[in-house]
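Colleague: Input: one structure, supplied below.
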Amino acid sequence: MNEPPRYPGYDVLAKRDTPSWNAKTRDVIEQRLATPNAPRFFSAEEWRVADALCRRILPQTDDEDRVSLAALLDAKLFADHGDGFREASMPYMREAWRQGLAAIDAEAKARFGGRGFAILTDRERDALLRSMQSGEVNGARWLGLDAKAFFERRILADVPPLFYSHPKSWNEIGFGGPASPRGYVRLDGDRLDPWEAAEAEPGQEWATDERNRHVV
Amino acid sequence: MSSDPDQLRATQGRAPNVFRVGGWVPMREYRDSEAVDFVIVGTGAGGGTLAALLAEQGFSVIAFDAGGFFRPLEDFASDETAQNQLYWTDKRVLDGPNPIKMGGNNSGKAVGGSTVHYAMVALRFRPERFKSRTTLGYGADWPISWEEMWHYYGIAERQINISGPLNYPWGPKRPRYPYRAHELNTAGKLLAKGCEAIGIGWTETPLATLSAPHAGPEGKSPPCVYRGFCRFGCSTNAKRSALTVWIPRALAAGAEVRDLAMVGRIETGSDGRVTGVHYHRDGAWRFQPAKNVVVAGYAVETPRLLLNSATDLHPEGLANSSGLVGKNLMTQTNAAVWGRMEEPVRWYKGPPSLAITEHWNYDDDKDFFGGYCWMGQGPLPIEWVTVQTGARGLWGDDLRRAMLDYNQMIGVKMVGEMLPNEANRVTLADDLDQYGLRVARITYAWGENDKALVKHALEQMGASIQAIGAKDMFRQEDDTAHLGGTARMGSDPRLSVVDADCRSWDVPNLWVCDGSVFPTVGGVNPSLTIQAIAIRTADRIGRLAAAGEL
Amino acid sequence: MGDTLERLRETRGLAPQVKSAPATRPPQPVRDPVPTAVVTAAQRLNRAAGVIATSVLIDSAMEHYRGNFHNKAMFTPLIASSLSIAVSLHGLSDKRHGAHPLRDLVYAIAGVTGAIGTGFHLYNVTKKVGGFDWQNVFYSAPLGAPAAMLLSGLIGFLAERVRDNEPEGEPHVFGLPAGRVVAAATAASLMGTTAEAGLLHFRGAFHNPAMLLPVTMPPVAAVLLGAAAAGDAAKARKGARAWIALTAAMGLAGVAFHAYGVSRGMGGWRNWRQNAFAGPPLPAPPSFTGLALAGLAALALLKEHAHE
């Protein structure tokens, strides 16, 4: 995504030692940032497919400080940290992911001359995912798992929240971030507390960057 | 630092004092050889309230909860993902044409129940809705008059210390809320402007969170700091949940709380009366005898427990001669309209629903039954991305780009009445949970009236935000919130599970005290009504005991 | 006529004019005179005005900082109150009779600023959705706050009018006995300030019993002053003096109570950047102290001239 930063210089992590964060929050975020970038739940093959999938669901450019969504997904499944329920036609979260990743890989190989999902081009992967979303994909490869349901109820439900659980995403959207014990004094959208992210007006990027760097 | 919330905390003669970091209060403990007066299963809006009020009347009470005993000041992170710890994420099966999303959407697992994560909206039913069949021609009548319920609402509002407006625009005059309404954020002000633009009234939402400091015998709380993480646990204790209001009172009055204790089965004797509960705690199954058992696990776990307690004498589950246990499951429609404003909104500042309109609960100029309200919104990033993917199907660069508008978004979300239908129900699936118990299967389908109500609401909500300049509007149509109905209250044992006192018709010492008892679900958030019912039930139990009728 | 002139010159600290020989060196100021009763009364009122202005300076600075100074006019009360403090200090050390034109000007500016500020705040309240409803009266610009600025200007104005009297005899303000005028003005001012404190304490649901103090003590003080202003000045009871002194102390105690209130916020003083601005305003209560001091000055004036 090539958009100029709306909140230049803003970093939620810079508030770590301010009253906006408490000890529990620091622990939780530290653990998240230290998520091992290697599978504990997935097999090596599943990991490759998951990684390729995550890169399309929430693309990050090469020059960004990339967040490994596959790592966060693997950690989530390893801990079985989900909503718990399953729809009657689907397995529970962990099993659904294993089945779904295998099916996506099989689908890719069938459509793209034996090439697995992880080695398709971005465009090919997107095409496959779009056809899942529109319900065009079905069949024996999916072993009874509904591709559209898997796309909507597992992929879209599980993957984007991983990105938006990372402080980098909060900086990008100008979210205030952790807020305890200190919350907000000025409750209006157009009145900022000094510890909030200022949005850059055109031509004001440098000044806003300066202001946001000193947010505490 | 204090012990891990995955470990037992209410044990060895003490329980956490949620008002003091690392603090404890003494807790009376009962031996499992002695039959206590009341075992209560679930410590939320129904069970927590009842535990306190029964203990204060001198009954011996043990309140069980499958969840842990959190210390909000220490255990709650400002993080959506980590706070998944508050929800019921055990196995459940969703079924039907319109499956109800469970988990954090409507189910808590904690001492304090779902009130630990609720959005604190504290509303009263419109009086006519307690007799919706006779006065408005739909649903079922409650076996309690509105006057009585409004009396108990007043007590609930005082005890919970609701912060609300000085003049409430709808319904009969109500006593002044104990604390003043909160300041509106921009999201609230925009809801107000939108309502004015389409010519309907609005008000500051009565909320169960403090707008000024509070000091009670159990401890002190600061006022709300407007941090916006309400639905992920209030780390300041400004939120008035069962954990900060009722459980401390229950403990002070001599009740025992057993955390991390999953009640799997209610035991009955040959005389058909309950004798106690089997529960799993600290690695083993145990039995607690009781003279009375109150089930307060909310509208899924309550029928599940009753069904799982089937015996040869009660093959269809306990208290189920009517066949209605698990049936008439209701949720409430939670559809929304979202849009983008020119000006920044930054809805993350403050409780999500600071302003509300109940106009369509009181205006009957509609061609469908039931009512609804709508309120402002303030989703945090993950909540918001889930709306974008769920309602718009966005992913990829499109999603990431759309999320950049986070600080300019506006939304209004309804709480809408759905009608009871026996086909909507909780039954037992064959799946087993981690305790080896059959899990709940939750089957749901929207009816024609439900769809008509949502259609009307979406038009109204859309008109209101369009009128104030929202652009690129989109709808979220399928969302639901809250539960009720699966152990309905009534005056006829053939048509209900419990009577007006929440006492089951079939088993005189078995009670249900939670949202399951609602014959209709109304067009407002249920938590205040559940607490009012619990206060009334405590009152009624006291009178029945005094009259020797327990 | 000449005698009068002589007396006037004397009271302005000028040496008696030597009618015969031209002065060979600048006239020596009279040895540092003890201030007359009139000047003492005026100085008391300067002090009262200064105390209120100090409260206004810090309070408006904090509140307008909370408002991000989004309108440049929000700097005006800081300037006006600072100048008021300066001229009040000046008046405190000035033992001369006669209204001082600069002090008069600054106090007038303070009064006008307060009046205009009230207009701004009223606009701020009424332009919000809901207009003049409880939500906006509670949470938008406080309607009574600029009035404190106006009151400090008023008290200062009265200080100069009192000072603008003969050293002998009862001072008058606009033809009326000064003691009665100041007492009446202070009584009205106390009621207004009580209304503002009462509004905000009502917003706080009187969650702490001490919050009842500023809605009970100052009204009693106002009634006592009103009675003194209207009634038999000889009968201004000793009790009135004690009660008003107590009210002055209440204003100072209010700062301590508010500090406790700030500590009751989540995170306490460590979270001062939220709690000092969202919590009870620390600099507000001493406005009662300033008014009480004006009340004491009025009582002194009434007592001195009770026989006249």
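Each chain in the structure tokens gets a letter, A, B, ..., in the order shown, and its residues are numbered from 1; ligands are numbered from 1 in order too.
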Taking only residues of chain B that have an atom at most 8 Å from an atom of chain C, what is each one's shortest atom pair and its distance in Å to one decimal, using only C-alpha atoms, in chain and number order, as JSON lines?
Modeller:
```
{"residue": "B:Leu166", "atom": "CA", "partner": "C:Trp134", "partner_atom": "CA", "distance": 7.6}
{"residue": "B:Pro178", "atom": "CA", "partner": "C:Ala205", "partner_atom": "CA", "distance": 7.2}
{"residue": "B:Tyr179", "atom": "CA", "partner": "C:Ala205", "partner_atom": "CA", "distance": 5.4}
{"residue": "B:Arg180", "atom": "CA", "partner": "C:Arg203", "partner_atom": "CA", "distance": 5.8}
{"residue": "B:Ala181", "atom": "CA", "partner": "C:Gln135", "partner_atom": "CA", "distance": 7.6}
{"residue": "B:Glu183", "atom": "CA", "partner": "C:Tyr139", "partner_atom": "CA", "distance": 6.2}
{"residue": "B:Leu184", "atom": "CA", "partner": "C:Gln135", "partner_atom": "CA", "distance": 7.9}
{"residue": "B:Lys189", "atom": "CA", "partner": "C:Val129", "partner_atom": "CA", "distance": 6.7}
{"residue": "B:Ala192", "atom": "CA", "partner": "C:Val129", "partner_atom": "CA", "distance": 6.9}
{"residue": "B:Lys193", "atom": "CA", "partner": "C:Val129", "partner_atom": "CA", "distance": 6.2}
{"residue": "B:Ser211", "atom": "CA", "partner": "C:Gly204", "partner_atom": "CA", "distance": 7.2}
{"residue": "B:Ala212", "atom": "CA", "partner": "C:Gly204", "partner_atom": "CA", "distance": 5.4}
{"residue": "B:Pro213", "atom": "CA", "partner": "C:His207", "partner_atom": "CA", "distance": 6.8}
{"residue": "B:His214", "atom": "CA", "partner": "C:His207", "partner_atom": "CA", "distance": 6.8}
{"residue": "B:Pro222", "atom": "CA", "partner": "C:Gly265", "partner_atom": "CA", "distance": 5.1}
{"residue": "B:Pro223", "atom": "CA", "partner": "C:Gly265", "partner_atom": "CA", "distance": 6.5}
{"residue": "B:Val225", "atom": "CA", "partner": "C:Met266", "partner_atom": "CA", "distance": 7.1}
{"residue": "B:Thr236", "atom": "CA", "partner": "C:Met266", "partner_atom": "CA", "distance": 6.4}
```
Colleague: Excluding Asp514 of chain B and any residue of its chain fewer than 6 positions from it, enumerate the residues within 6 Å of it, using only C-alpha atoms, and give them as number ranges by chain.
Modeller: B: 46, 296, 298, 530
Colleague: Convert the current residue selection to file output with N, CA and C atoms, as a PDB file, in the first residue's frame.
Modeller:
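Done, and the output landed in part32.pdb:
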```pdb
ATOM      1  N   GLY B  46     -27.411 -11.840  36.874  1.00  0.00           N
ATOM      2  CA  GLY B  46     -28.434 -12.535  37.652  1.00  0.00           C
ATOM      3  C   GLY B  46     -27.852 -13.176  38.901  1.00  0.00           C
ATOM      4  N   ALA B 296     -27.874 -19.674  36.828  1.00  0.00           N
ATOM      5  CA  ALA B 296     -27.743 -18.294  36.338  1.00  0.00           C
ATOM      6  C   ALA B 296     -26.595 -18.220  35.352  1.00  0.00           C
ATOM      7  N   TYR B 298     -26.891 -17.695  32.048  1.00  0.00           N
ATOM      8  CA  TYR B 298     -27.303 -16.964  30.854  1.00  0.00           C
ATOM      9  C   TYR B 298     -27.919 -17.943  29.864  1.00  0.00           C
ATOM     10  N   ILE B 530     -32.239  -7.824  33.940  1.00  0.00           N
ATOM     11  CA  ILE B 530     -31.813  -9.049  34.629  1.00  0.00           C
ATOM     12  C   ILE B 530     -31.539  -8.740  36.099  1.00  0.00           C
TER      13      ILE B 530
END
```
Colleague: Check the DSSP output for the backbone and give back, as a count of residues only, the residues of segment 29-273 of chain C in helix (DSSP H, G or I).
Modeller: 186
Colleague: Have a look at atom CA of Phe75 of chain C and atom CA of Gly290 of chain C and let me know their distance in Å, one decimal.
Modeller: 22.6 Å
Colleague: Can I get the residues of chain A within 8 Å of chain B, each with the closest pair of atoms and their distance in Å to one decimal, using only C-alpha atoms, sorted chain first then ascending number, as JSON lines?
Modeller:
```
{"residue": "A:Met1", "atom": "CA", "partner": "B:Asp397", "partner_atom": "CA", "distance": 5.7}
{"residue": "A:Glu3", "atom": "CA", "partner": "B:Arg401", "partner_atom": "CA", "distance": 7.8}
{"residue": "A:Arg6", "atom": "CA", "partner": "B:Leu404", "partner_atom": "CA", "distance": 7.7}
{"residue": "A:Trp21", "atom": "CA", "partner": "B:Ser78", "partner_atom": "CA", "distance": 7.5}
{"residue": "A:Asn22", "atom": "CA", "partner": "B:Ala77", "partner_atom": "CA", "distance": 7.4}
{"residue": "A:Ala23", "atom": "CA", "partner": "B:Glu74", "partner_atom": "CA", "distance": 7.8}
{"residue": "A:Lys24", "atom": "CA", "partner": "B:Ala77", "partner_atom": "CA", "distance": 5.3}
{"residue": "A:Thr25", "atom": "CA", "partner": "B:Ala77", "partner_atom": "CA", "distance": 4.4}
{"residue": "A:Val28", "atom": "CA", "partner": "B:Ala82", "partner_atom": "CA", "distance": 6.9}
{"residue": "A:Arg56", "atom": "CA", "partner": "B:Gly396", "partner_atom": "CA", "distance": 5.8}
{"residue": "A:Ile57", "atom": "CA", "partner": "B:Gly396", "partner_atom": "CA", "distance": 4.6}
{"residue": "A:Leu58", "atom": "CA", "partner": "B:Gly396", "partner_atom": "CA", "distance": 4.9}
{"residue": "A:Pro59", "atom": "CA", "partner": "B:Gly396", "partner_atom": "CA", "distance": 5.9}
{"residue": "A:His81", "atom": "CA", "partner": "B:Asn84", "partner_atom": "CA", "distance": 7.8}
{"residue": "A:Gly82", "atom": "CA", "partner": "B:Thr89", "partner_atom": "CA", "distance": 6.7}
{"residue": "A:Asp83", "atom": "CA", "partner": "B:Thr89", "partner_atom": "CA", "distance": 4.9}
{"residue": "A:Gly84", "atom": "CA", "partner": "B:Thr89", "partner_atom": "CA", "distance": 4.1}
{"residue": "A:Phe85", "atom": "CA", "partner": "B:Arg92", "partner_atom": "CA", "distance": 4.5}
{"residue": "A:Arg86", "atom": "CA", "partner": "B:Val93", "partner_atom": "CA", "distance": 5.2}
{"residue": "A:Glu87", "atom": "CA", "partner": "B:Leu94", "partner_atom": "CA", "distance": 4.5}
{"residue": "A:Ala88", "atom": "CA", "partner": "B:Asp95", "partner_atom": "CA", "distance": 5.3}
{"residue": "A:Glu152", "atom": "CA", "partner": "B:Gly390", "partner_atom": "CA", "distance": 7.4}
{"residue": "A:Leu156", "atom": "CA", "partner": "B:Thr389", "partner_atom": "CA", "distance": 6.1}
{"residue": "A:Ala157", "atom": "CA", "partner": "B:Thr386", "partner_atom": "CA", "distance": 6.5}
{"residue": "A:Pro160", "atom": "CA", "partner": "B:Val385", "partner_atom": "CA", "distance": 6.9}
{"residue": "A:Pro161", "atom": "CA", "partner": "B:Ile382", "partner_atom": "CA", "distance": 5.2}
{"residue": "A:Tyr164", "atom": "CA", "partner": "B:Ile382", "partner_atom": "CA", "distance": 5.6}
{"residue": "A:Ser165", "atom": "CA", "partner": "B:Thr81", "partner_atom": "CA", "distance": 6.6}
{"residue": "A:Trp170", "atom": "CA", "partner": "B:Pro381", "partner_atom": "CA", "distance": 7.4}
{"residue": "A:Glu172", "atom": "CA", "partner": "B:Leu404", "partner_atom": "CA", "distance": 6.9}
{"residue": "A:Ile173", "atom": "CA", "partner": "B:Leu404", "partner_atom": "CA", "distance": 4.9}
{"residue": "A:Gly174", "atom": "CA", "partner": "B:Asn407", "partner_atom": "CA", "distance": 7.0}
{"residue": "A:Phe175", "atom": "CA", "partner": "B:Tyr348", "partner_atom": "CA", "distance": 7.5}
{"residue": "A:Gly176", "atom": "CA", "partner": "B:Tyr348", "partner_atom": "CA", "distance": 7.4}
{"residue": "A:Gly177", "atom": "CA", "partner": "B:Ser78", "partner_atom": "CA", "distance": 7.7}
{"residue": "A:Pro178", "atom": "CA", "partner": "B:Ser78", "partner_atom": "CA", "distance": 4.7}
{"residue": "A:Ala179", "atom": "CA", "partner": "B:Arg227", "partner_atom": "CA", "distance": 5.4}
{"residue": "A:Ser180", "atom": "CA", "partner": "B:Ser78", "partner_atom": "CA", "distance": 6.7}
{"residue": "A:Pro181", "atom": "CA", "partner": "B:Thr236", "partner_atom": "CA", "distance": 6.9}
{"residue": "A:Arg182", "atom": "CA", "partner": "B:Val225", "partner_atom": "CA", "distance": 6.8}
{"residue": "A:Gly183", "atom": "CA", "partner": "B:Arg227", "partner_atom": "CA", "distance": 4.1}
{"residue": "A:Tyr184", "atom": "CA", "partner": "B:Tyr226", "partner_atom": "CA", "distance": 5.6}
{"residue": "A:Val185", "atom": "CA", "partner": "B:Tyr226", "partner_atom": "CA", "distance": 7.6}
{"residue": "A:Leu187", "atom": "CA", "partner": "B:Asn185", "partner_atom": "CA", "distance": 4.9}
{"residue": "A:Asp188", "atom": "CA", "partner": "B:Thr186", "partner_atom": "CA", "distance": 4.9}
{"residue": "A:Gly189", "atom": "CA", "partner": "B:Val345", "partner_atom": "CA", "distance": 4.0}
{"residue": "A:Asp190", "atom": "CA", "partner": "B:Pro344", "partner_atom": "CA", "distance": 5.7}
```
Colleague: Got time to write the residues from that selection, C-alpha atoms, as a tab-separated table (two decimals), in the first residue's frame?
Modeller:
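Ended up saving to again-v7.tsv:
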```tsv
chain	number	residue	atom	x	y	z
A	1	MET	CA	0.00	0.00	0.00
A	3	GLU	CA	-0.07	5.89	0.98
A	6	ARG	CA	-1.34	10.15	7.94
A	21	TRP	CA	0.43	2.00	29.62
A	22	ASN	CA	0.24	-0.22	32.67
A	23	ALA	CA	2.46	-3.15	33.58
A	24	LYS	CA	0.07	-5.77	32.28
A	25	THR	CA	-0.14	-4.04	28.92
A	28	VAL	CA	1.27	-8.43	26.79
A	56	ARG	CA	-2.14	-11.26	0.35
A	57	ILE	CA	-4.84	-10.75	2.95
A	58	LEU	CA	-2.89	-7.95	4.58
A	59	PRO	CA	-0.10	-6.91	2.23
A	81	HIS	CA	-6.80	-18.56	21.36
A	82	GLY	CA	-10.05	-18.18	19.49
A	83	ASP	CA	-13.78	-17.65	19.91
A	84	GLY	CA	-14.36	-21.31	20.65
A	85	PHE	CA	-17.45	-21.96	18.59
A	86	ARG	CA	-17.78	-23.65	15.23
A	87	GLU	CA	-20.55	-23.42	12.73
A	88	ALA	CA	-22.33	-26.71	12.28
A	152	GLU	CA	-15.17	-15.48	5.46
A	156	LEU	CA	-11.08	-12.86	7.17
A	157	ALA	CA	-12.07	-13.34	10.80
A	160	PRO	CA	-6.67	-9.08	9.66
A	161	PRO	CA	-7.05	-8.86	13.47
A	164	TYR	CA	-4.43	-4.81	13.96
A	165	SER	CA	-3.14	-6.35	17.17
A	170	TRP	CA	-2.20	1.53	15.52
A	172	GLU	CA	-0.82	3.83	10.88
A	173	ILE	CA	-4.45	4.55	11.71
A	174	GLY	CA	-3.74	7.07	14.48
A	175	PHE	CA	-5.33	5.02	17.25
A	176	GLY	CA	-4.62	6.31	20.75
A	177	GLY	CA	-3.40	2.88	21.79
A	178	PRO	CA	-3.18	1.54	25.33
A	179	ALA	CA	-4.86	3.85	27.78
A	180	SER	CA	-4.61	2.91	31.41
A	181	PRO	CA	-4.38	4.54	33.93
A	182	ARG	CA	-4.37	7.56	31.65
A	183	GLY	CA	-7.35	7.81	29.30
A	184	TYR	CA	-8.46	10.98	27.57
A	185	VAL	CA	-9.29	14.47	28.76
A	187	LEU	CA	-13.16	13.85	24.16
A	188	ASP	CA	-13.88	15.65	20.89
A	189	GLY	CA	-12.42	14.42	17.63
A	190	ASP	CA	-10.97	17.78	16.78
```
Colleague: Please provide the set of residues having any atom within 8 Å of Leu550 of chain B, restricted to only C-alpha atoms, with same-chain residues fewer than 6 positions apart removed, written as a PDB file with N, CA and C atoms, in the first residue's frame.
Modeller:
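Once written, out-v8.pdb looks like this:
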```
ATOM      1  N   PRO B 508     -39.427 -27.593  42.992  1.00  0.00           N
ATOM      2  CA  PRO B 508     -39.620 -26.402  43.831  1.00  0.00           C
ATOM      3  C   PRO B 508     -38.349 -25.789  44.396  1.00  0.00           C
ATOM      4  N   ASN B 509     -37.256 -26.573  44.421  1.00  0.00           N
ATOM      5  CA  ASN B 509     -36.019 -25.955  44.918  1.00  0.00           C
ATOM      6  C   ASN B 509     -34.998 -25.725  43.814  1.00  0.00           C
ATOM      7  N   ILE B 541     -37.816 -14.572  47.586  1.00  0.00           N
ATOM      8  CA  ILE B 541     -37.268 -15.709  48.345  1.00  0.00           C
ATOM      9  C   ILE B 541     -37.313 -15.400  49.828  1.00  0.00           C
ATOM     10  N   LEU B 544     -40.896 -15.827  50.888  1.00  0.00           N
ATOM     11  CA  LEU B 544     -41.301 -17.235  50.881  1.00  0.00           C
ATOM     12  C   LEU B 544     -40.673 -17.970  52.059  1.00  0.00           C
TER      13      LEU B 544
END
```
Colleague: Just to confirm, what's the straight-line distance from atom CA of Leu200 of chain C to atom CA of Trp272 of chain C in Å (one decimal)?
Modeller: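 If I compute the distance from atom CA of Leu200 of chain C to atom CA of Trp272 of chain C, I get 19.8 Å.
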Colleague: Which residues, written as a PyMOL selection string, have at least one atom at most 7 Å from segment 148-152 of chain C, with only C-alpha atoms counted and residues fewer than 2 positions away on the same chain left out?
Modeller: chain C and resi 49+52-53+56+110-115+144-146+154-156+189
Colleague: Could you list, as a list in words, every residue within 10 Å of Arg161 of chain C, counting only C-alpha atoms and ignoring same-chain residues fewer than 6 positions away?
Modeller: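 Listing them by chain and then by number gives Ala42, Gly98, Ala99, His100, Asp104, Ile155, Pro171, His172, Val173, Phe174 and Ala178 of chain C.
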Colleague: Return the single residue from B:Ala110, B:Leu483, B:Leu123, B:Ile40 that is closest to Glu358 of chain B, with distances computed using only C-alpha atoms.
Modeller: B:Leu123
Colleague: As an exercise, work out the distance from atom CA of Val426 of chain B to atom CA of Ser114 of chain B in Å and give it to one decimal place.
Modeller: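 Here the two named atoms are 18.6 Å from each other.
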Colleague: May I have the residues within 10 Å of Leu296 of chain C as a list in words, using only C-alpha atoms and disregarding those fewer than 4 positions away in the same chain?
Modeller: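 Close residues of Leu296 of chain C: Ala41, Arg44, Leu45, Ala48, Gly179, Val182, Ala183, Thr186, Leu225, Ala240, Arg241, Ala242, Trp243, Ile244, Ala245, Ala248, Gly290, Leu291, Ala292, Ala300, Leu301 and Leu302 of chain C.
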Colleague: Write out, as a PDB file, in the first residue's frame, the residues just selected, with N, CA and C atoms.
Modeller:
```pdb
ATOM      1  N   ALA C  41      -9.059  50.597  53.883  1.00  0.00           N
ATOM      2  CA  ALA C  41     -10.214  49.889  53.328  1.00  0.00           C
ATOM      3  C   ALA C  41      -9.991  49.608  51.837  1.00  0.00           C
ATOM      4  N   ARG C  44      -7.557  46.851  51.348  1.00  0.00           N
ATOM      5  CA  ARG C  44      -8.182  45.530  51.583  1.00  0.00           C
ATOM      6  C   ARG C  44      -8.911  45.074  50.328  1.00  0.00           C
ATOM      7  N   LEU C  45      -9.560  46.016  49.678  1.00  0.00           N
ATOM      8  CA  LEU C  45     -10.297  45.658  48.474  1.00  0.00           C
ATOM      9  C   LEU C  45      -9.342  45.347  47.314  1.00  0.00           C
ATOM     10  N   ALA C  48      -8.383  41.839  47.964  1.00  0.00           N
ATOM     11  CA  ALA C  48      -9.463  40.925  47.596  1.00  0.00           C
ATOM     12  C   ALA C  48      -9.509  40.735  46.080  1.00  0.00           C
ATOM     13  N   GLY C 179     -19.416  51.257  52.863  1.00  0.00           N
ATOM     14  CA  GLY C 179     -19.561  49.953  53.521  1.00  0.00           C
ATOM     15  C   GLY C 179     -20.777  49.209  52.999  1.00  0.00           C
ATOM     16  N   VAL C 182     -20.216  48.049  49.239  1.00  0.00           N
ATOM     17  CA  VAL C 182     -19.311  46.900  49.120  1.00  0.00           C
ATOM     18  C   VAL C 182     -19.966  45.645  49.684  1.00  0.00           C
ATOM     19  N   ALA C 183     -20.676  45.818  50.801  1.00  0.00           N
ATOM     20  CA  ALA C 183     -21.345  44.651  51.387  1.00  0.00           C
ATOM     21  C   ALA C 183     -22.368  44.073  50.423  1.00  0.00           C
ATOM     22  N   THR C 186     -20.659  42.446  47.413  1.00  0.00           N
ATOM     23  CA  THR C 186     -20.017  41.180  47.791  1.00  0.00           C
ATOM     24  C   THR C 186     -21.049  40.091  48.025  1.00  0.00           C
ATOM     25  N   LEU C 225     -24.047  39.592  54.990  1.00  0.00           N
ATOM     26  CA  LEU C 225     -23.580  40.834  54.384  1.00  0.00           C
ATOM     27  C   LEU C 225     -24.751  41.659  53.857  1.00  0.00           C
ATOM     28  N   ALA C 240     -21.095  37.852  62.143  1.00  0.00           N
ATOM     29  CA  ALA C 240     -20.927  37.981  60.704  1.00  0.00           C
ATOM     30  C   ALA C 240     -19.443  37.958  60.349  1.00  0.00           C
ATOM     31  N   ARG C 241     -18.660  38.685  61.131  1.00  0.00           N
ATOM     32  CA  ARG C 241     -17.251  38.745  60.857  1.00  0.00           C
ATOM     33  C   ARG C 241     -16.616  37.354  60.951  1.00  0.00           C
ATOM     34  N   ALA C 242     -16.988  36.642  62.013  1.00  0.00           N
ATOM     35  CA  ALA C 242     -16.411  35.310  62.192  1.00  0.00           C
ATOM     36  C   ALA C 242     -16.811  34.392  61.041  1.00  0.00           C
ATOM     37  N   TRP C 243     -18.084  34.464  60.639  1.00  0.00           N
ATOM     38  CA  TRP C 243     -18.554  33.565  59.592  1.00  0.00           C
ATOM     39  C   TRP C 243     -17.869  33.860  58.271  1.00  0.00           C
ATOM     40  N   ILE C 244     -17.709  35.128  57.984  1.00  0.00           N
ATOM     41  CA  ILE C 244     -17.083  35.475  56.707  1.00  0.00           C
ATOM     42  C   ILE C 244     -15.605  35.100  56.729  1.00  0.00           C
ATOM     43  N   ALA C 245     -14.954  35.244  57.883  1.00  0.00           N
ATOM     44  CA  ALA C 245     -13.558  34.799  57.996  1.00  0.00           C
ATOM     45  C   ALA C 245     -13.491  33.293  57.760  1.00  0.00           C
ATOM     46  N   ALA C 248     -13.678  32.627  54.167  1.00  0.00           N
ATOM     47  CA  ALA C 248     -12.382  32.843  53.532  1.00  0.00           C
ATOM     48  C   ALA C 248     -11.513  31.593  53.689  1.00  0.00           C
ATOM     49  N   GLY C 290     -11.273  35.468  48.135  1.00  0.00           N
ATOM     50  CA  GLY C 290     -11.193  36.867  47.719  1.00  0.00           C
ATOM     51  C   GLY C 290     -12.475  37.618  48.038  1.00  0.00           C
ATOM     52  N   LEU C 291     -13.587  37.009  47.759  1.00  0.00           N
ATOM     53  CA  LEU C 291     -14.869  37.661  48.045  1.00  0.00           C
ATOM     54  C   LEU C 291     -15.050  37.840  49.549  1.00  0.00           C
ATOM     55  N   ALA C 292     -14.659  36.832  50.292  1.00  0.00           N
ATOM     56  CA  ALA C 292     -14.786  36.944  51.752  1.00  0.00           C
ATOM     57  C   ALA C 292     -13.933  38.107  52.271  1.00  0.00           C
ATOM     58  N   ALA C 300     -15.674  46.100  58.083  1.00  0.00           N
ATOM     59  CA  ALA C 300     -14.826  47.060  58.793  1.00  0.00           C
ATOM     60  C   ALA C 300     -15.309  48.474  58.528  1.00  0.00           C
ATOM     61  N   LEU C 301     -15.637  48.740  57.255  1.00  0.00           N
ATOM     62  CA  LEU C 301     -16.128  50.080  56.913  1.00  0.00           C
ATOM     63  C   LEU C 301     -17.423  50.374  57.665  1.00  0.00           C
ATOM     64  N   LEU C 302     -18.312  49.387  57.682  1.00  0.00           N
ATOM     65  CA  LEU C 302     -19.590  49.589  58.363  1.00  0.00           C
ATOM     66  C   LEU C 302     -19.380  49.836  59.846  1.00  0.00           C
TER      67      LEU C 302
END
```
